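Colleague: For reference, this is start19.tsv, and it has TSV, C-alpha atoms and all ligand atoms.
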```
chain	number	residue	atom	x	y	z
A	1	MET	CA	54.64	-76.96	150.52
A	2	LEU	CA	58.41	-76.80	151.01
A	3	ASN	CA	60.07	-73.41	151.16
A	4	ILE	CA	63.49	-73.55	149.49
A	5	LEU	CA	66.36	-71.06	149.36
A	6	VAL	CA	69.10	-71.39	146.74
A	7	CYS	CA	72.24	-69.29	147.28
A	8	VAL	CA	74.12	-68.41	144.12
A	9	LYS	CA	77.10	-66.30	143.19
A	10	GLN	CA	78.23	-64.66	139.97
A	11	VAL	CA	81.91	-65.39	139.36
A	12	PRO	CA	84.41	-64.43	136.66
A	13	ASP	CA	85.07	-67.21	134.18
A	14	VAL	CA	88.37	-68.17	135.80
A	15	ASP	CA	89.68	-69.84	132.67
A	16	LEU	CA	89.89	-66.32	131.25
A	17	VAL	CA	91.08	-64.43	134.33
A	18	LYS	CA	94.70	-63.31	134.47
A	19	MET	CA	96.63	-61.94	137.37
A	20	ASP	CA	98.29	-58.52	137.34
A	21	PRO	CA	101.96	-59.40	137.94
A	22	VAL	CA	102.65	-56.02	139.59
A	23	THR	CA	99.67	-55.57	141.94
A	24	GLY	CA	98.96	-59.28	142.35
A	25	SER	CA	95.22	-58.70	141.93
A	26	LEU	CA	92.91	-60.42	139.47
A	27	ILE	CA	92.23	-58.59	136.23
A	28	ARG	CA	88.46	-58.91	135.96
A	29	GLU	CA	87.88	-56.23	133.32
A	30	GLY	CA	86.53	-57.65	130.11
A	31	VAL	CA	86.20	-61.14	131.60
A	32	PRO	CA	82.72	-62.66	131.20
A	33	ALA	CA	80.87	-63.35	134.45
A	34	ILE	CA	79.02	-66.64	134.85
A	35	LEU	CA	76.85	-68.46	137.37
A	36	ASN	CA	79.22	-70.31	139.69
A	37	PRO	CA	79.07	-73.80	138.12
A	38	LEU	CA	78.32	-75.68	141.37
A	39	ASP	CA	75.47	-73.24	142.04
A	40	GLY	CA	73.95	-74.47	138.78
A	41	ASN	CA	74.04	-77.96	140.29
A	42	ALA	CA	72.49	-76.64	143.52
A	43	MET	CA	69.72	-74.96	141.55
A	44	GLU	CA	69.06	-78.18	139.62
A	45	ALA	CA	68.83	-80.17	142.87
A	46	ALA	CA	66.28	-77.67	144.21
A	47	VAL	CA	64.18	-77.81	141.05
A	48	ARG	CA	64.11	-81.62	141.15
A	49	VAL	CA	62.82	-81.45	144.74
A	50	LYS	CA	60.21	-78.92	143.65
A	51	GLU	CA	59.07	-81.21	140.82
A	52	GLN	CA	58.76	-84.19	143.12
A	53	TYR	CA	57.34	-82.67	146.30
A	54	GLY	CA	56.10	-79.18	145.43
A	55	ALA	CA	58.02	-76.14	146.65
A	56	THR	CA	58.56	-72.42	146.34
A	57	ILE	CA	62.14	-71.57	145.38
A	58	THR	CA	63.83	-68.28	146.24
A	59	ALA	CA	67.21	-67.67	144.59
A	60	ILE	CA	69.42	-65.14	146.33
A	61	THR	CA	72.76	-63.52	145.61
A	62	MET	CA	74.93	-60.80	147.08
A	63	GLY	CA	76.94	-59.10	144.39
A	64	PRO	CA	77.16	-56.15	142.02
A	65	PRO	CA	74.05	-55.03	140.09
A	66	ALA	CA	75.21	-57.16	137.13
A	67	ALA	CA	74.72	-60.28	139.27
A	68	GLU	CA	71.06	-59.93	138.33
A	69	ALA	CA	71.98	-62.04	135.28
A	70	VAL	CA	72.59	-65.19	137.34
A	71	LEU	CA	69.29	-64.68	139.13
A	72	ARG	CA	67.49	-64.55	135.78
A	73	GLU	CA	69.23	-67.82	134.91
A	74	CYS	CA	67.77	-69.33	138.09
A	75	LEU	CA	64.30	-67.94	137.27
A	76	SER	CA	64.49	-69.44	133.79
A	77	VAL	CA	64.88	-72.97	135.14
A	78	GLY	CA	62.40	-72.91	138.01
A	79	ALA	CA	63.04	-70.33	140.73
A	80	ASP	CA	59.86	-68.50	141.78
A	81	ARG	CA	61.53	-65.46	143.32
A	82	ALA	CA	64.92	-63.79	142.94
A	83	VAL	CA	66.60	-61.54	145.50
A	84	LEU	CA	69.60	-59.36	144.63
A	85	ILE	CA	71.52	-57.90	147.56
A	86	THR	CA	73.66	-55.10	146.30
A	87	ASP	CA	75.24	-52.03	147.88
A	88	ARG	CA	78.72	-50.53	147.96
A	89	ALA	CA	78.48	-50.84	151.74
A	90	PHE	CA	78.98	-54.62	151.28
A	91	LYS	CA	82.30	-54.12	149.48
A	92	ASP	CA	85.31	-56.05	150.84
A	93	ALA	CA	83.11	-58.49	152.71
A	94	ASP	CA	84.67	-61.83	153.66
A	95	THR	CA	82.54	-64.92	154.22
A	96	LEU	CA	81.66	-63.88	157.79
A	97	ALA	CA	80.11	-60.62	156.58
A	98	THR	CA	78.68	-62.15	153.38
A	99	SER	CA	76.89	-64.98	155.17
A	100	TYR	CA	75.51	-62.49	157.72
A	101	VAL	CA	74.06	-60.26	155.00
A	102	VAL	CA	72.72	-63.14	152.87
A	103	ALA	CA	71.00	-64.75	155.88
A	104	LYS	CA	69.58	-61.43	157.08
A	105	ALA	CA	68.15	-60.55	153.65
A	106	ALA	CA	66.77	-64.08	153.15
A	107	GLU	CA	64.84	-63.90	156.46
A	108	GLU	CA	62.17	-61.78	154.78
A	109	PHE	CA	61.00	-64.76	152.69
A	110	GLY	CA	61.70	-67.54	155.22
A	111	PRO	CA	61.67	-69.64	157.25
A	112	TYR	CA	63.11	-72.24	154.90
A	113	ASP	CA	62.79	-76.01	154.96
A	114	LEU	CA	65.74	-76.57	152.63
A	115	ILE	CA	68.69	-74.38	151.70
A	116	PHE	CA	70.92	-75.24	148.75
A	117	CYS	CA	74.45	-73.96	148.20
A	118	GLY	CA	77.22	-74.98	145.87
A	119	LYS	CA	80.10	-76.80	147.50
A	120	GLU	CA	82.43	-73.89	146.73
A	121	THR	CA	82.90	-71.07	144.28
A	122	LEU	CA	85.30	-70.82	141.37
A	123	ASP	CA	86.85	-67.56	142.57
A	124	GLY	CA	86.78	-67.25	146.39
A	125	ALA	CA	86.66	-71.04	146.84
A	126	THR	CA	86.71	-70.93	150.64
A	127	GLY	CA	83.83	-73.41	150.87
A	128	GLN	CA	82.88	-71.64	154.12
A	129	MET	CA	79.56	-70.10	153.18
A	130	GLY	CA	77.42	-73.24	153.48
A	131	ALA	CA	78.52	-73.99	157.04
A	132	GLN	CA	78.18	-70.36	158.10
A	133	LEU	CA	74.70	-70.08	156.62
A	134	ALA	CA	73.60	-73.32	158.31
A	135	GLU	CA	74.72	-71.87	161.62
A	136	ARG	CA	72.84	-68.63	160.95
A	137	PHE	CA	69.66	-70.45	159.90
A	138	GLY	CA	69.93	-72.91	162.79
A	139	SER	CA	69.62	-75.76	160.29
A	140	ALA	CA	71.17	-79.18	159.89
A	141	LEU	CA	74.09	-79.25	157.43
A	142	VAL	CA	74.95	-81.90	154.87
A	143	THR	CA	78.16	-81.05	152.99
A	144	SER	CA	79.10	-82.62	149.64
A	145	ALA	CA	75.54	-83.85	149.16
A	146	SER	CA	75.33	-85.82	145.94
A	147	ARG	CA	71.73	-87.10	145.92
A	148	ILE	CA	68.56	-86.34	147.85
A	149	LEU	CA	66.84	-89.68	148.25
A	150	GLU	CA	63.69	-88.97	150.24
A	151	ILE	CA	61.92	-86.14	152.04
A	152	ASP	CA	59.33	-86.86	154.73
A	153	GLU	CA	57.57	-83.57	155.36
A	154	ALA	CA	55.26	-85.02	158.04
A	155	ALA	CA	58.21	-86.26	160.08
A	156	ASP	CA	60.43	-83.28	159.15
A	157	THR	CA	63.24	-85.59	158.08
A	158	LEU	CA	65.09	-86.41	154.89
A	159	VAL	CA	67.60	-88.91	153.61
A	160	THR	CA	70.49	-87.89	151.43
A	161	GLU	CA	73.75	-89.25	150.11
A	162	ARG	CA	77.07	-87.51	150.45
A	163	GLU	CA	80.24	-88.14	148.52
A	164	MET	CA	83.49	-88.86	150.30
A	165	GLU	CA	86.94	-89.85	149.06
A	166	THR	CA	86.30	-93.37	150.28
A	167	GLY	CA	82.73	-93.88	149.07
A	168	ILE	CA	79.13	-92.77	149.47
A	169	GLU	CA	77.56	-92.10	152.85
A	170	THR	CA	73.80	-92.16	153.49
A	171	VAL	CA	72.72	-89.48	155.94
A	172	GLN	CA	69.40	-88.88	157.64
A	173	ALA	CA	68.87	-85.25	158.61
A	174	ARG	CA	66.15	-83.18	160.16
A	175	ILE	CA	64.43	-80.33	158.37
A	176	PRO	CA	65.45	-77.49	158.12
A	177	CYS	CA	68.55	-78.67	156.34
A	178	LEU	CA	71.23	-76.96	154.29
A	179	PHE	CA	73.07	-78.87	151.56
A	180	THR	CA	76.30	-78.00	149.84
A	181	ILE	CA	75.83	-79.75	146.54
A	182	GLU	CA	78.27	-81.85	144.51
A	183	LYS	CA	78.04	-81.78	140.74
A	184	THR	CA	77.76	-85.59	140.32
A	185	ASN	CA	74.01	-86.12	139.87
A	186	TYR	CA	72.59	-82.68	139.23
A	187	GLN	CA	73.60	-81.62	135.74
A	188	PRO	CA	71.93	-78.21	135.23
A	189	ARG	CA	69.09	-78.28	132.72
A	190	ILE	CA	68.95	-75.99	129.71
A	191	PRO	CA	66.10	-73.48	130.09
A	192	ASN	CA	63.30	-73.72	127.55
A	193	PHE	CA	62.11	-70.74	125.51
A	194	LYS	CA	59.10	-70.08	127.79
A	195	GLY	CA	61.29	-70.11	130.90
A	196	LYS	CA	63.83	-67.79	129.31
A	197	LYS	CA	61.16	-65.33	128.20
A	198	ALA	CA	59.44	-65.27	131.60
A	199	ALA	CA	62.79	-64.78	133.35
A	200	ARG	CA	63.70	-61.86	131.12
A	201	PHE	CA	60.74	-59.81	132.37
A	202	ALA	CA	60.46	-61.15	135.93
A	203	GLU	CA	60.80	-58.84	138.91
A	204	ILE	CA	64.10	-58.99	140.78
A	205	VAL	CA	63.61	-58.10	144.44
A	206	THR	CA	66.52	-55.78	145.27
A	207	ARG	CA	67.74	-55.11	148.79
A	208	THR	CA	70.42	-52.70	149.98
A	209	ALA	CA	72.02	-52.08	153.36
A	210	SER	CA	69.21	-49.68	154.23
A	211	THR	CA	66.34	-51.92	153.10
A	212	ILE	CA	67.29	-55.16	154.89
A	213	PRO	CA	65.32	-55.07	158.14
A	214	GLY	CA	67.44	-55.07	161.30
A	215	LEU	CA	70.83	-55.14	159.53
A	216	ASP	CA	73.68	-54.22	161.90
A	217	PRO	CA	76.09	-51.90	159.95
A	218	SER	CA	79.02	-52.99	162.11
A	219	ARG	CA	78.70	-56.54	160.75
A	220	ILE	CA	78.88	-55.78	157.02
A	221	GLY	CA	81.60	-55.01	154.47
A	222	ALA	CA	85.23	-54.68	155.56
A	223	VAL	CA	84.26	-53.56	159.09
A	224	GLY	CA	82.24	-56.72	159.66
A	225	SER	CA	84.88	-59.02	158.18
A	226	GLY	CA	87.11	-61.24	160.28
A	227	THR	CA	89.77	-61.67	157.59
A	228	ILE	CA	91.67	-59.59	155.07
A	229	VAL	CA	93.63	-60.74	152.02
A	230	PRO	CA	96.82	-58.62	151.89
A	231	ARG	CA	98.17	-60.32	148.79
A	232	THR	CA	97.21	-62.72	146.01
A	233	TYR	CA	99.88	-64.23	143.76
A	234	PRO	CA	100.25	-67.12	141.34
A	235	PRO	CA	102.23	-70.15	142.54
A	236	GLU	CA	105.87	-70.27	141.48
A	237	ARG	CA	106.28	-72.59	138.56
A	238	GLY	CA	108.91	-75.30	138.75
A	239	GLU	CA	111.19	-76.04	135.82
A	240	SER	CA	109.27	-77.44	132.91
A	241	GLY	CA	109.87	-81.13	132.12
A	242	VAL	CA	111.65	-82.61	129.11
A	243	MET	CA	109.65	-84.54	126.52
A	244	ILE	CA	111.32	-87.79	125.57
A	245	ASP	CA	110.23	-89.25	122.28
A	246	GLU	CA	112.92	-91.48	120.81
A	247	GLY	CA	110.49	-93.50	118.74
A	248	SER	CA	110.07	-96.62	120.90
A	249	ALA	CA	109.61	-97.58	124.54
A	250	GLU	CA	113.07	-99.23	124.58
A	251	ARG	CA	114.82	-96.15	123.19
A	252	ASN	CA	112.83	-93.88	125.55
A	253	GLY	CA	113.95	-96.07	128.49
A	254	ALA	CA	117.57	-95.91	127.34
A	255	LYS	CA	117.36	-92.11	127.03
A	256	ILE	CA	115.96	-91.78	130.57
A	257	VAL	CA	118.83	-93.92	131.92
A	258	GLU	CA	121.29	-91.74	129.97
A	259	ILE	CA	119.84	-88.50	131.43
A	260	LEU	CA	119.79	-89.91	134.97
A	261	ALA	CA	123.45	-90.97	134.57
A	262	GLU	CA	124.41	-87.55	133.19
A	263	THR	CA	122.85	-85.78	136.15
A	264	GLY	CA	124.52	-88.18	138.57
A	265	LEU	CA	121.27	-89.59	139.89
A	266	ILE	CA	122.29	-93.18	139.08
A	301	LIG	P1	82.20	-70.36	149.11
A	301	LIG	O1	82.11	-70.48	150.58
A	301	LIG	O2	83.24	-71.13	148.39
A	301	LIG	O3	80.77	-70.60	148.46
A	301	LIG	C1	79.95	-71.71	148.77
A	301	LIG	C2	78.56	-71.40	148.30
A	301	LIG	O4	78.00	-70.32	149.05
A	301	LIG	C3	78.43	-70.99	146.85
A	301	LIG	O5	78.49	-72.09	145.98
A	301	LIG	C4	77.06	-70.33	146.87
A	301	LIG	O6	76.04	-71.32	146.93
A	301	LIG	C5	77.10	-69.59	148.21
A	301	LIG	N1	77.59	-68.22	148.04
A	301	LIG	C6	78.88	-67.81	147.97
A	301	LIG	N2	78.93	-66.49	147.77
A	301	LIG	C7	77.67	-66.05	147.72
A	301	LIG	C8	77.08	-64.77	147.52
A	301	LIG	N3	77.84	-63.68	147.33
A	301	LIG	N4	75.72	-64.68	147.50
A	301	LIG	C9	74.93	-65.79	147.72
A	301	LIG	N5	75.46	-67.02	147.90
A	301	LIG	C10	76.79	-67.14	147.90
A	301	LIG	N6	84.30	-60.35	146.92
A	301	LIG	C11	83.96	-59.29	146.21
A	301	LIG	O7	83.20	-59.45	145.22
A	301	LIG	N7	84.41	-58.04	146.51
A	301	LIG	C12	85.23	-57.85	147.57
A	301	LIG	O8	85.63	-56.74	147.85
A	301	LIG	C13	85.62	-58.96	148.35
A	301	LIG	N8	86.46	-58.84	149.41
A	301	LIG	C14	86.83	-59.95	150.12
A	301	LIG	C15	87.67	-59.83	151.19
A	301	LIG	C16	88.04	-60.97	151.92
A	301	LIG	C17	88.95	-60.83	153.07
A	301	LIG	C18	87.60	-62.23	151.53
A	301	LIG	C19	88.00	-63.48	152.28
A	301	LIG	C20	86.73	-62.35	150.47
A	301	LIG	C21	86.36	-61.22	149.75
A	301	LIG	N9	85.50	-61.29	148.69
A	301	LIG	C22	85.12	-60.22	147.98
A	301	LIG	C23	84.97	-62.54	148.29
A	301	LIG	C24	83.58	-62.71	148.82
A	301	LIG	O9	83.36	-62.14	150.02
A	301	LIG	C25	83.42	-64.16	148.87
A	301	LIG	O10	83.42	-64.59	147.56
A	301	LIG	C26	82.14	-64.55	149.53
A	301	LIG	O11	82.25	-64.22	150.87
A	301	LIG	C27	81.87	-66.01	149.35
A	301	LIG	O12	83.03	-66.74	149.62
A	301	LIG	P2	83.50	-67.81	148.60
A	301	LIG	O13	83.48	-67.23	147.24
A	301	LIG	O14	84.73	-68.42	149.12
A	301	LIG	O15	82.26	-68.83	148.70
```
Using the file provided, produce a representation of the structure as structure tokens.
Ligand code: FAD

Modeller:
Amino acid sequence: MLNILVCVKQVPDVDLVKMDPVTGSLIREGVPAILNPLDGNAMEAAVRVKEQYGATITAITMGPPAAEAVLRECLSVGADRAVLITDRAFKDADTLATSYVVAKAAEEFGPYDLIFCGKETLDGATGQMGAQLAERFGSALVTSASRILEIDEAADTLVTEREMETGIETVQARIPCLFTIEKTNYQPRIPNFKGKKAARFAEIVTRTASTIPGLDPSRIGAVGSGTIVPRTYPPERGESGVMIDEGSAERNGAKIVEILAETGLI
């Protein structure tokens, strides 16, 4: 049976996040946290593989204790195990430190045949985690995967499609393989009542810096990070445009010519 890992992240609903104009940091207080949307697609892709081929799915997240909620969401739609990695020692981690901790904690329930990530997150949006995790797991990597076509467990190979600007590419990869999933074909399902109820009472395996076997403290949190973000700020807005509505296309055209002439552009 396939052993699958799905990496998920709880993110603030960015549509509701505002930026503090003085400090330049995001105001997260009072903003609802949600499952990163593309991680919902990744979870759906994993569940479809489970339904077709049989699999055990472990969902994992590194985040604050409240991130337990997104793990319960994963359990409600088909994850068999949920792992929450949480500790103040992980604070200020960049992707280098985050991928190290996630991979180290996931080892306990591996090795994995397939690893699913979202293509990127709504908040950090570096899109680096998938590639870093593939490196740490020593797996093949298919980015922007849009459809898993076939898995041959006997031959340890699979065929998948990936989306590019110019079209669709078919890729054959060896197992183990990590996918960063596109949203195109994996619309997350709505959990049924039974799934929701089971998820509400399911055990969440919780790991901290001191309970992840072999974790090197010099590689976690700010100390283990290769980057810092000194400042975050909104882009400067250009001048807003002028709406032209003179009642007809001809009059609108004439008005545009008039404005261009006034400004000396024609
Ligand atoms: P991406 O690379 O865009 O994510 C791709 C995929 O990786 C996701 O779709 C998901 O499948 C998986 N993934 C991403 N994050 C996780 C996760 N946490 N657990 C499991 N799977 C995951 N964040 C904080 O909350 N507090 C901080 O103090 C903090 N400090 C930071 C400092 C720096 C310098 C930087 C660069 C980032 C910091 N972050 C912090 C952000 C946090 O470390 C990143 O969000 C995290 O490393 C993932 O990066 P990303 O969001 O760009 O993920």

Colleague: For A:Val77, work out the shell of residues within 7 Å, counting all atoms listed in the file and skipping chain neighbours fewer than 4 positions away, then give it as a list in words.

Modeller: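 So, after excluding close chain neighbours, the residues are Glu73, Pro191 and Gly195 of chain A.
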
Colleague: Using only C-alpha atoms for the distances, tell me which of A:Phe109, A:Val49, A:Asp156, A:Ala249 is nearest to A:Arg81.

Modeller: A:Phe109

Colleague: Considering all atoms listed in the file, give me a table of residues in chain A that are at most 7 Å from ligand LIG 301 (chain A), with the closest atom pair and distance in Å for each, as a Markdown table.

Modeller:
```
| residue | atom | partner | partner_atom | distance |
| --- | --- | --- | --- | --- |
| A:Val6 | CA | A:LIG301 | O6 | 6.9 |
| A:Cys7 | CA | A:LIG301 | N5 | 4.0 |
| A:Val8 | CA | A:LIG301 | N5 | 4.2 |
| A:Lys9 | CA | A:LIG301 | C7 | 4.6 |
| A:Asn36 | CA | A:LIG301 | O5 | 6.6 |
| A:Leu38 | CA | A:LIG301 | O5 | 5.8 |
| A:Asp39 | CA | A:LIG301 | O5 | 5.1 |
| A:Ile60 | CA | A:LIG301 | C9 | 5.7 |
| A:Thr61 | CA | A:LIG301 | N4 | 3.7 |
| A:Met62 | CA | A:LIG301 | N4 | 4.0 |
| A:Gly63 | CA | A:LIG301 | N3 | 5.5 |
| A:Lys91 | CA | A:LIG301 | O8 | 4.5 |
| A:Asp92 | CA | A:LIG301 | O8 | 3.1 |
| A:Ala93 | CA | A:LIG301 | O9 | 4.5 |
| A:Asp94 | CA | A:LIG301 | C18 | 3.6 |
| A:Thr95 | CA | A:LIG301 | O11 | 3.4 |
| A:Leu96 | CA | A:LIG301 | O11 | 7.0 |
| A:Thr98 | CA | A:LIG301 | O11 | 4.8 |
| A:Ser99 | CA | A:LIG301 | O11 | 6.9 |
| A:Val102 | CA | A:LIG301 | C9 | 6.2 |
| A:Phe116 | CA | A:LIG301 | O6 | 6.7 |
| A:Cys117 | CA | A:LIG301 | O6 | 3.3 |
| A:Gly118 | CA | A:LIG301 | O5 | 3.2 |
| A:Lys119 | CA | A:LIG301 | O5 | 5.2 |
| A:Glu120 | CA | A:LIG301 | O2 | 3.3 |
| A:Thr121 | CA | A:LIG301 | O2 | 4.1 |
| A:Asp123 | CA | A:LIG301 | O13 | 5.8 |
| A:Gly124 | CA | A:LIG301 | O13 | 3.4 |
| A:Ala125 | CA | A:LIG301 | O2 | 3.8 |
| A:Thr126 | CA | A:LIG301 | O14 | 3.5 |
| A:Gly127 | CA | A:LIG301 | O1 | 3.4 |
| A:Gln128 | CA | A:LIG301 | O1 | 3.8 |
| A:Met129 | CA | A:LIG301 | O1 | 3.7 |
| A:Gly130 | CA | A:LIG301 | O4 | 5.3 |
| A:Ser225 | CA | A:LIG301 | C17 | 6.8 |
| A:Thr227 | CA | A:LIG301 | C17 | 4.7 |
| A:Ile228 | CA | A:LIG301 | C17 | 3.6 |
| A:Val229 | CA | A:LIG301 | C17 | 4.8 |
```

Colleague: Please list as a list of chain:residue names every residue within 8 Å of stretch 161-176 of chain A, counting all atoms listed in the file and excluding residues in the same chain fewer than 4 positions away.

Modeller: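 Final neighbour list, sorted by chain and number: A:Tyr112, A:Asp113, A:Leu114, A:Ile115, A:Gly138, A:Ser139, A:Ala140, A:Val142, A:Thr143, A:Ser144, A:Ala145, A:Ser146, A:Arg147, A:Ile148, A:Leu149, A:Asp156, A:Thr157, A:Glu182.
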
Colleague: So, counting only C-alpha atoms, which residue among A:Asn41, A:Gln187, A:Asn192, A:Thr232 is closest to A:Thr23?

Modeller: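 Closest to A:Thr23, using only C-alpha atoms: A:Thr232.
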
Colleague: What's around A:Lys104 at 10 Å? Count all atoms listed in the file, leave out sequence neighbours fewer than 6 positions away in its own chain, and write the answer as JSON, numbers by chain.

Modeller: {"A": [98, 136, 137, 212, 213, 214, 215, 216]}

Colleague: For A:Pro188, which of A:Leu35, A:Leu122, A:Met243, A:Leu158 is the closest residue, counting all atoms listed in the file?

Modeller: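 Smallest distance to A:Pro188 is found for A:Leu35.
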
Colleague: Please measure the separation of atom CA of A:Glu150 and atom CA of A:Glu107, giving the value in Å to one decimal.

Modeller: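 One can read the atom CA of A:Glu150 to atom CA of A:Glu107 distance as 25.9 Å.
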
Colleague: Using atom CA of A:Gln132 and atom CA of A:Leu5 as the two end points, give the distance in Å to one decimal.

Modeller: 14.7 Å

Colleague: Give me, please, the distance in Å between atom CA of A:Pro65 and atom CA of A:Gly224, quoted to one decimal.

Modeller: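 Going from atom CA of A:Pro65 over to atom CA of A:Gly224, I get 21.3 Å.
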
Colleague: Applying 12 Å and all atoms listed in the file, which residues near A:Thr211 remain after dropping the ones on its own chain fewer than 5 positions away? List them as a list in words.

Modeller: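 Using all atoms listed in the file, the neighbours found are Leu84, Ile85, Thr86, Asp87, Val101, Lys104, Ala105, Glu108, Val205, Thr206, Asp216 and Pro217 of chain A.
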
Colleague: Step by step: start from the point (70.0, -70.8, 139.6) in the file's coordinates, keep every protein, DNA or RNA residue that has an atom no farther than 6 Å from it, count all atoms listed in the file, and write the set as JSON, numbers by chain.

Modeller: {"A": [40, 43, 73, 74]}

Colleague: Take the selection from the previous step and output its residues with C-alpha atoms, as a PDB file, in the frame of the given file.

Modeller:
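So the final result, stored in part.pdb, reads:
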```pdb
ATOM      1  CA  GLY A  40      73.950 -74.470 138.780  1.00  0.00           C
ATOM      2  CA  MET A  43      69.720 -74.960 141.550  1.00  0.00           C
ATOM      3  CA  GLU A  73      69.230 -67.820 134.910  1.00  0.00           C
ATOM      4  CA  CYS A  74      67.770 -69.330 138.090  1.00  0.00           C
TER       5      CYS A  74
END
```
